[in-house]
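One structure below.
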Amino acid sequence: MSQEKSMTPEQSIKHAILIKAAEFGKFELPEIAPENIDEVWDGIEGKNDSLPEAANEVRCSGEETGLPQQWSRHYESEAVAAKMPNGKWVGWTYWHGGGKHGEPEAIDWMGDAYFVDVTEEEKVVTVRTFSKASQ
């Protein structure tokens, strides 16, 4: 019985970044699979100007999950997650802040990524906004 290899959380994030980089840089990606994702990433990393911008876009795109997250006295952090191209949700620590000389985007956020189970439910909400009536 053969098992299909699936991507790790880090590979899933790299896949999302590569798709975004291809959109930004207007280049074609080869077919991406768990077996070649790291090779494709290594072939583009450092050679394409759109990759860092795409990585930062994906890093900043997650929805807050409320799950426990890493912390640092130098940066603020939130546990976030996003749906990846393979349909799975991946979570990571979104580092930000740090002041004038901070560089939170330099922290390895992909290496500590993890899969997240998500339950979605649609809710109807009524929002009322009041103001004093003029007479």
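By order in the structure tokens, chains are A, B, ...; within a chain, residues start at 1; ligands start at 1, following the order shown.
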
Could you give me, as a PyMOL selection string, the residues within 8 Å of His15 in chain A, counting only C-alpha atoms and dropping anything in the same chain fewer than 3 positions from it? chain A and resi 11-12+18-19+32+37+84-85

Residues from last step as file, N, CA and C atoms, as a tab-separated table (two decimals), in the first residue's frame:
chain	number	residue	atom	x	y	z
A	11	GLN	N	6.90	23.48	4.23
A	11	GLN	CA	6.80	23.35	2.78
A	11	GLN	C	5.50	23.95	2.26
A	12	SER	N	4.42	23.82	3.04
A	12	SER	CA	3.14	24.41	2.64
A	12	SER	C	3.24	25.93	2.56
A	18	LEU	N	5.86	30.83	-3.00
A	18	LEU	CA	6.27	30.68	-4.40
A	18	LEU	C	5.16	31.11	-5.35
A	19	ILE	N	3.93	30.77	-5.03
A	19	ILE	CA	2.80	31.19	-5.88
A	19	ILE	C	2.70	32.71	-5.90
A	32	ILE	N	4.38	21.93	-8.56
A	32	ILE	CA	4.90	21.82	-7.20
A	32	ILE	C	4.34	20.57	-6.53
A	37	ILE	N	9.38	20.56	-3.80
A	37	ILE	CA	9.17	21.91	-3.27
A	37	ILE	C	10.48	22.53	-2.79
A	84	MET	N	-3.49	27.17	3.16
A	84	MET	CA	-2.42	27.01	2.18
A	84	MET	C	-2.97	26.47	0.87
A	85	PRO	N	-2.17	26.52	-0.20
A	85	PRO	CA	-2.63	26.04	-1.52
A	85	PRO	C	-3.09	24.58	-1.51

Can you tell me, as a PyMOL selection string, what residues are no more than 10 Å from Glu10 in chain A when counting only C-alpha atoms, ignoring any on the same chain fewer than 5 positions away? chain A and resi 15+38+90-92+109-115

Please identify all polymer residues within 12 Å of Glu64 in chain A, counting only C-alpha atoms, omitting same-chain residues fewer than 4 positions from it, and present them as a short mmCIF file (atom, residue, chain, number, x, y, z; two decimals) with C-alpha atoms, in the first residue's frame.
data_model
loop_
_atom_site.label_atom_id
_atom_site.label_comp_id
_atom_site.auth_asym_id
_atom_site.auth_seq_id
_atom_site.Cartn_x
_atom_site.Cartn_y
_atom_site.Cartn_z
CA CYS A 60 1.66 39.15 7.51
CA PRO A 68 -0.47 29.92 22.55
CA GLN A 69 2.47 31.56 20.81
CA SER A 77 3.80 38.25 18.69
CA GLU A 78 0.50 36.64 17.74
CA ALA A 79 -0.39 33.09 16.82
CA VAL A 80 -1.82 33.27 13.31
CA ALA A 81 -2.88 30.78 10.64
CA ALA A 82 -3.74 30.80 6.94
CA VAL A 90 -0.89 26.24 8.81
CA GLY A 91 -0.15 28.32 11.89
CA TRP A 92 2.94 30.30 12.89
CA THR A 93 4.06 33.04 15.22
CA TYR A 94 3.71 36.46 13.60
CA VAL A 116 -3.99 23.80 12.56
#

For a test of reading the model, state the distance in Å between CA of Met7 in chain A and CA of Lys88 in chain A, rounded to one decimal. 9.8 Å

Where in chain A does DSSP assign helix (DSSP H, G or I), given as a ChimeraX atom specification? /A:9-25,37-44,50-59,104-106

Two-atom distance - CA of Trp95 in chain A, CA of Lys20 in chain A (Å): 20.3 Å

When you look at Lys5 in chain A with a cut-off of 12 Å (counting only C-alpha atoms), what residues show up, excluding the ones that are within fewer than 3 positions of it in the same chain? I need them as a list in words. Ser2, Thr8, Gln11, Ala33, Pro34, Glu35, Asn36 and Ile37 of chain A

Proximity to Glu53 in chain A - best of A:Tyr75, A:Trp89, A:Glu105, A:Gly97, only C-alpha atoms: A:Glu105

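Considering only C-alpha atoms, the residue among A:Lys83, A:Lys123, A:Arg128, A:Lys14 positioned nearest to Asn56 in chain A is A:Lys14.
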
From a backbone DSSP assignment, name each residue in chain A labelled strand (DSSP E), as a PyMOL selection string. chain A and resi 63-64+76-83+89-96+114-116

Determine, counting only C-alpha atoms, which protein, DNA and RNA residues have an atom within 8 Å of an atom of Phe24 in chain A; residues of the same chain fewer than 2 positions away are not included. Present the result as a ChimeraX atom specification. /A:20-22,26,50,54

A:Ile107, A:Val118, A:Pro9, A:Asn86: which is nearest His74 in chain A, counting only C-alpha atoms? A:Ile107

Calculate how many Å separate CA of Gly62 in chain A from CA of Ala16 in chain A, rounding to one decimal.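 Atom-to-atom, CA of Gly62 in chain A and CA of Ala16 in chain A are spaced 12.0 Å apart.
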
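Proximity of A:Ile13, A:Val125, A:Phe27, A:Trp41 to Glu57 in chain A, computed with only C-alpha atoms, is greatest for A:Ile13.
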
Which is closer to Ser6 in chain A than all the others in A:Lys132, A:Gly87, A:Gly46, A:Ser61, using only C-alpha atoms?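 Closest to Ser6 in chain A, using only C-alpha atoms: A:Gly87.
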